[in-house]
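To keep things clear, I will list the structure first and then write my remarks on it.
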Amino acid sequence: AVAIVWQAGLVVALGIVAYGVRQTYRRADDSWGKGAAGEKATARLLAPLERRGYAVLHDRAIPRSRANLDHLVIGAAGVAYVDSKAWVSKKSKLTLTGGTLRYGRYDQTDALRKVVWEAQQASRALGCEVRPFVAVHGAKVPGFWRRIEVQGVTVIAARKLPRLLQNLPPQQGWTPDRITAVEQLALQRLPLHGG
């Protein structure tokens, strides 16, 4: 009788562990899927810029790293790195309090530091300044114009990103020839991530 109770307990415990593992992987898959959908949506928003003389590259690998650059936009204002965020939970809200950006209860300080680091890596590879942006899908971005500056990153509602990039003031020396040259350098030094 003791053996049967022990075996039943073991079966229940294994079932609970299996359920927990399944839920963890389901959440990871959902998160990755939402992230990929956000990147595709941002790519669609940026596509019209190419007809206006911008070079737009997607999913570029950072040398000697597993990280990738979601989007690079090269134009008369220089180079912008855009990280896509699919913050679409109906239960969570994007807030800025005392210089700390939160999505729901989650502090985004580390995520923003990563975006700055990724922009720095792109800058190092391209030999020019790269400005970091976060394009937010889903959550309402606080602030006037649905855009905020926090930790050196411009966080903006994704649908407002193309207009913002077009309205950045041109920088001296960013001619069509230089845009093409930096695009070619990016293609060479920041290959497709593919992951």
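By convention in this document, the chains of the structure tokens carry letters A, B, ... by their order, each chain's residues are numbered from 1, and ligands are numbered from 1 in the order they are shown.
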(request) Pick out the residues sitting within 9 Å of range 103-117 of chain A, and hand them over as a PyMOL selection string; count only C-alpha atoms, and ignore anything fewer than 6 positions along from it in its own chain. (result) chain A and resi 69+81-83+87+89+91-95+131-134+139+150-153
Store the residues picked out above, limited to N, CA, C and O atoms, as a PDB file, in the first residue's frame.
```pdb
ATOM      1  N   LEU A  69      21.173  43.162 -34.576  1.00  0.00           N
ATOM      2  CA  LEU A  69      20.609  44.494 -34.748  1.00  0.00           C
ATOM      3  C   LEU A  69      19.314  44.306 -35.538  1.00  0.00           C
ATOM      4  O   LEU A  69      19.356  43.840 -36.680  1.00  0.00           O
ATOM      5  N   TYR A  81      19.852  53.000 -35.259  1.00  0.00           N
ATOM      6  CA  TYR A  81      19.615  51.588 -34.936  1.00  0.00           C
ATOM      7  C   TYR A  81      18.247  51.517 -34.281  1.00  0.00           C
ATOM      8  O   TYR A  81      17.971  52.234 -33.325  1.00  0.00           O
ATOM      9  N   VAL A  82      17.384  50.653 -34.801  1.00  0.00           N
ATOM     10  CA  VAL A  82      16.024  50.510 -34.270  1.00  0.00           C
ATOM     11  C   VAL A  82      15.847  49.095 -33.722  1.00  0.00           C
ATOM     12  O   VAL A  82      15.996  48.114 -34.448  1.00  0.00           O
ATOM     13  N   ASP A  83      15.526  49.017 -32.441  1.00  0.00           N
ATOM     14  CA  ASP A  83      15.201  47.752 -31.793  1.00  0.00           C
ATOM     15  C   ASP A  83      13.686  47.693 -31.674  1.00  0.00           C
ATOM     16  O   ASP A  83      13.065  48.631 -31.183  1.00  0.00           O
ATOM     17  N   TRP A  87       5.380  44.905 -27.186  1.00  0.00           N
ATOM     18  CA  TRP A  87       4.837  44.962 -25.836  1.00  0.00           C
ATOM     19  C   TRP A  87       3.317  45.042 -25.970  1.00  0.00           C
ATOM     20  O   TRP A  87       2.746  46.121 -25.964  1.00  0.00           O
ATOM     21  N   SER A  89       0.839  43.028 -24.231  1.00  0.00           N
ATOM     22  CA  SER A  89      -0.029  42.497 -23.181  1.00  0.00           C
ATOM     23  C   SER A  89      -1.122  43.506 -22.839  1.00  0.00           C
ATOM     24  O   SER A  89      -0.852  44.685 -22.624  1.00  0.00           O
ATOM     25  N   LYS A  91      -2.711  43.484 -20.166  1.00  0.00           N
ATOM     26  CA  LYS A  91      -2.644  43.710 -18.726  1.00  0.00           C
ATOM     27  C   LYS A  91      -1.523  44.674 -18.342  1.00  0.00           C
ATOM     28  O   LYS A  91      -1.479  45.154 -17.223  1.00  0.00           O
ATOM     29  N   SER A  92      -0.587  44.917 -19.254  1.00  0.00           N
ATOM     30  CA  SER A  92       0.593  45.702 -18.912  1.00  0.00           C
ATOM     31  C   SER A  92       0.621  47.039 -19.633  1.00  0.00           C
ATOM     32  O   SER A  92       0.169  47.163 -20.761  1.00  0.00           O
ATOM     33  N   LYS A  93       1.172  48.006 -18.953  1.00  0.00           N
ATOM     34  CA  LYS A  93       1.225  49.377 -19.443  1.00  0.00           C
ATOM     35  C   LYS A  93       2.673  49.850 -19.419  1.00  0.00           C
ATOM     36  O   LYS A  93       3.457  49.423 -18.570  1.00  0.00           O
ATOM     37  N   LEU A  94       3.039  50.716 -20.335  1.00  0.00           N
ATOM     38  CA  LEU A  94       4.375  51.302 -20.381  1.00  0.00           C
ATOM     39  C   LEU A  94       4.344  52.598 -19.582  1.00  0.00           C
ATOM     40  O   LEU A  94       3.494  53.463 -19.832  1.00  0.00           O
ATOM     41  N   THR A  95       5.256  52.725 -18.590  1.00  0.00           N
ATOM     42  CA  THR A  95       5.294  53.926 -17.755  1.00  0.00           C
ATOM     43  C   THR A  95       6.724  54.401 -17.593  1.00  0.00           C
ATOM     44  O   THR A  95       7.670  53.614 -17.684  1.00  0.00           O
ATOM     45  N   ARG A 131      22.608  56.238 -33.658  1.00  0.00           N
ATOM     46  CA  ARG A 131      21.629  56.630 -32.637  1.00  0.00           C
ATOM     47  C   ARG A 131      20.669  55.490 -32.337  1.00  0.00           C
ATOM     48  O   ARG A 131      20.112  54.898 -33.254  1.00  0.00           O
ATOM     49  N   PRO A 132      20.432  55.183 -31.047  1.00  0.00           N
ATOM     50  CA  PRO A 132      19.524  54.083 -30.695  1.00  0.00           C
ATOM     51  C   PRO A 132      18.066  54.526 -30.535  1.00  0.00           C
ATOM     52  O   PRO A 132      17.775  55.551 -29.928  1.00  0.00           O
ATOM     53  N   PHE A 133      17.183  53.703 -31.099  1.00  0.00           N
ATOM     54  CA  PHE A 133      15.735  53.899 -30.993  1.00  0.00           C
ATOM     55  C   PHE A 133      15.094  52.576 -30.598  1.00  0.00           C
ATOM     56  O   PHE A 133      15.581  51.509 -30.965  1.00  0.00           O
ATOM     57  N   VAL A 134      13.966  52.658 -29.892  1.00  0.00           N
ATOM     58  CA  VAL A 134      13.140  51.486 -29.633  1.00  0.00           C
ATOM     59  C   VAL A 134      11.769  51.781 -30.226  1.00  0.00           C
ATOM     60  O   VAL A 134      11.131  52.780 -29.876  1.00  0.00           O
ATOM     61  N   ALA A 139       1.912  48.567 -26.676  1.00  0.00           N
ATOM     62  CA  ALA A 139       1.766  49.446 -25.508  1.00  0.00           C
ATOM     63  C   ALA A 139       1.802  50.909 -25.931  1.00  0.00           C
ATOM     64  O   ALA A 139       2.524  51.292 -26.848  1.00  0.00           O
ATOM     65  N   VAL A 150      14.989  58.244 -22.870  1.00  0.00           N
ATOM     66  CA  VAL A 150      15.358  57.668 -21.580  1.00  0.00           C
ATOM     67  C   VAL A 150      16.649  56.878 -21.747  1.00  0.00           C
ATOM     68  O   VAL A 150      16.791  56.103 -22.685  1.00  0.00           O
ATOM     69  N   GLN A 151      17.611  57.135 -20.889  1.00  0.00           N
ATOM     70  CA  GLN A 151      18.911  56.453 -20.886  1.00  0.00           C
ATOM     71  C   GLN A 151      19.616  56.535 -22.238  1.00  0.00           C
ATOM     72  O   GLN A 151      20.287  55.606 -22.669  1.00  0.00           O
ATOM     73  N   GLY A 152      19.436  57.650 -22.940  1.00  0.00           N
ATOM     74  CA  GLY A 152      20.109  57.835 -24.227  1.00  0.00           C
ATOM     75  C   GLY A 152      19.411  57.162 -25.393  1.00  0.00           C
ATOM     76  O   GLY A 152      19.943  57.107 -26.498  1.00  0.00           O
ATOM     77  N   VAL A 153      18.204  56.637 -25.162  1.00  0.00           N
ATOM     78  CA  VAL A 153      17.453  55.931 -26.199  1.00  0.00           C
ATOM     79  C   VAL A 153      16.145  56.679 -26.452  1.00  0.00           C
ATOM     80  O   VAL A 153      15.471  57.097 -25.512  1.00  0.00           O
TER      81      VAL A 153
END
```
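By only C-alpha atoms, and with residues fewer than 2 positions from range 171-188 of chain A along its chain excluded, the set lying at most 8 Å from it is Gly53, Tyr54, Ala55, Ile74, Gly75, Ala76, Ala77, Gly78, Ala125, Leu126, Pro169, Leu190, Pro191 and Leu192 of chain A.
For the pair CA of Ile148 in chain A and CA of Leu96 in chain A, the separation is 8.7 Å.
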Residues of range 56-172 of chain A at most 10 Å from range 34-51 of chain A: nearest atom pair and distance in Å, only C-alpha atoms, as JSON lines:
```
{"residue": "A:Val56", "atom": "CA", "partner": "A:Glu50", "partner_atom": "CA", "distance": 6.5}
{"residue": "A:Leu57", "atom": "CA", "partner": "A:Ala43", "partner_atom": "CA", "distance": 8.8}
{"residue": "A:His58", "atom": "CA", "partner": "A:Ala43", "partner_atom": "CA", "distance": 7.3}
{"residue": "A:Asp59", "atom": "CA", "partner": "A:Glu39", "partner_atom": "CA", "distance": 8.7}
{"residue": "A:Asp70", "atom": "CA", "partner": "A:Glu39", "partner_atom": "CA", "distance": 6.7}
{"residue": "A:His71", "atom": "CA", "partner": "A:Ala43", "partner_atom": "CA", "distance": 7.5}
{"residue": "A:Leu72", "atom": "CA", "partner": "A:Leu46", "partner_atom": "CA", "distance": 9.8}
{"residue": "A:Val73", "atom": "CA", "partner": "A:Leu46", "partner_atom": "CA", "distance": 8.2}
{"residue": "A:Ile74", "atom": "CA", "partner": "A:Glu50", "partner_atom": "CA", "distance": 9.5}
{"residue": "A:Gly75", "atom": "CA", "partner": "A:Leu49", "partner_atom": "CA", "distance": 9.1}
{"residue": "A:Val82", "atom": "CA", "partner": "A:Thr42", "partner_atom": "CA", "distance": 8.7}
{"residue": "A:Asp83", "atom": "CA", "partner": "A:Glu39", "partner_atom": "CA", "distance": 8.0}
{"residue": "A:Ser84", "atom": "CA", "partner": "A:Glu39", "partner_atom": "CA", "distance": 5.4}
{"residue": "A:Lys85", "atom": "CA", "partner": "A:Gly38", "partner_atom": "CA", "distance": 6.2}
{"residue": "A:Ala86", "atom": "CA", "partner": "A:Gly38", "partner_atom": "CA", "distance": 5.0}
{"residue": "A:Trp87", "atom": "CA", "partner": "A:Lys34", "partner_atom": "CA", "distance": 8.3}
{"residue": "A:Val88", "atom": "CA", "partner": "A:Lys34", "partner_atom": "CA", "distance": 8.3}
{"residue": "A:Ala135", "atom": "CA", "partner": "A:Thr42", "partner_atom": "CA", "distance": 7.3}
{"residue": "A:Val136", "atom": "CA", "partner": "A:Gly38", "partner_atom": "CA", "distance": 8.2}
{"residue": "A:His137", "atom": "CA", "partner": "A:Gly38", "partner_atom": "CA", "distance": 6.4}
{"residue": "A:Gly138", "atom": "CA", "partner": "A:Gly38", "partner_atom": "CA", "distance": 9.2}
{"residue": "A:Ala158", "atom": "CA", "partner": "A:Thr42", "partner_atom": "CA", "distance": 6.7}
{"residue": "A:Arg159", "atom": "CA", "partner": "A:Leu45", "partner_atom": "CA", "distance": 6.9}
{"residue": "A:Lys160", "atom": "CA", "partner": "A:Leu45", "partner_atom": "CA", "distance": 9.1}
{"residue": "A:Leu161", "atom": "CA", "partner": "A:Leu45", "partner_atom": "CA", "distance": 8.0}
{"residue": "A:Pro162", "atom": "CA", "partner": "A:Leu46", "partner_atom": "CA", "distance": 6.1}
{"residue": "A:Arg163", "atom": "CA", "partner": "A:Leu49", "partner_atom": "CA", "distance": 9.4}
{"residue": "A:Leu165", "atom": "CA", "partner": "A:Leu49", "partner_atom": "CA", "distance": 9.0}
{"residue": "A:Gln166", "atom": "CA", "partner": "A:Leu49", "partner_atom": "CA", "distance": 8.0}
```
(message) Among range 23-191 of chain A, which residues does DSSP mark as strand (DSSP E) when it is run on the backbone? Keep the chain and numbering as in the structure and answer as a VMD selection string.
(response) chain A and resid 55 to 61 68 to 75 78 to 87 94 to 97 100 to 103 106 to 107 130 to 138 147 to 150 153 to 157
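Note that the spacing between CA of Arg146 in chain A and CA of Asn167 in chain A amounts to 15.2 Å.
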(request) Would you return as a ChimeraX atom specification the members of range 20-173 of chain A that DSSP assigns to helix (DSSP H, G or I) on this structure's backbone? (result) /A:20-50,109-126,144-146,158-167
(message) Taking only C-alpha atoms into account, name the residue in A:Ala157, A:Ala119, A:Arg66, A:Arg124 that is nearest to Gly194 in chain A.
(response) A:Arg66
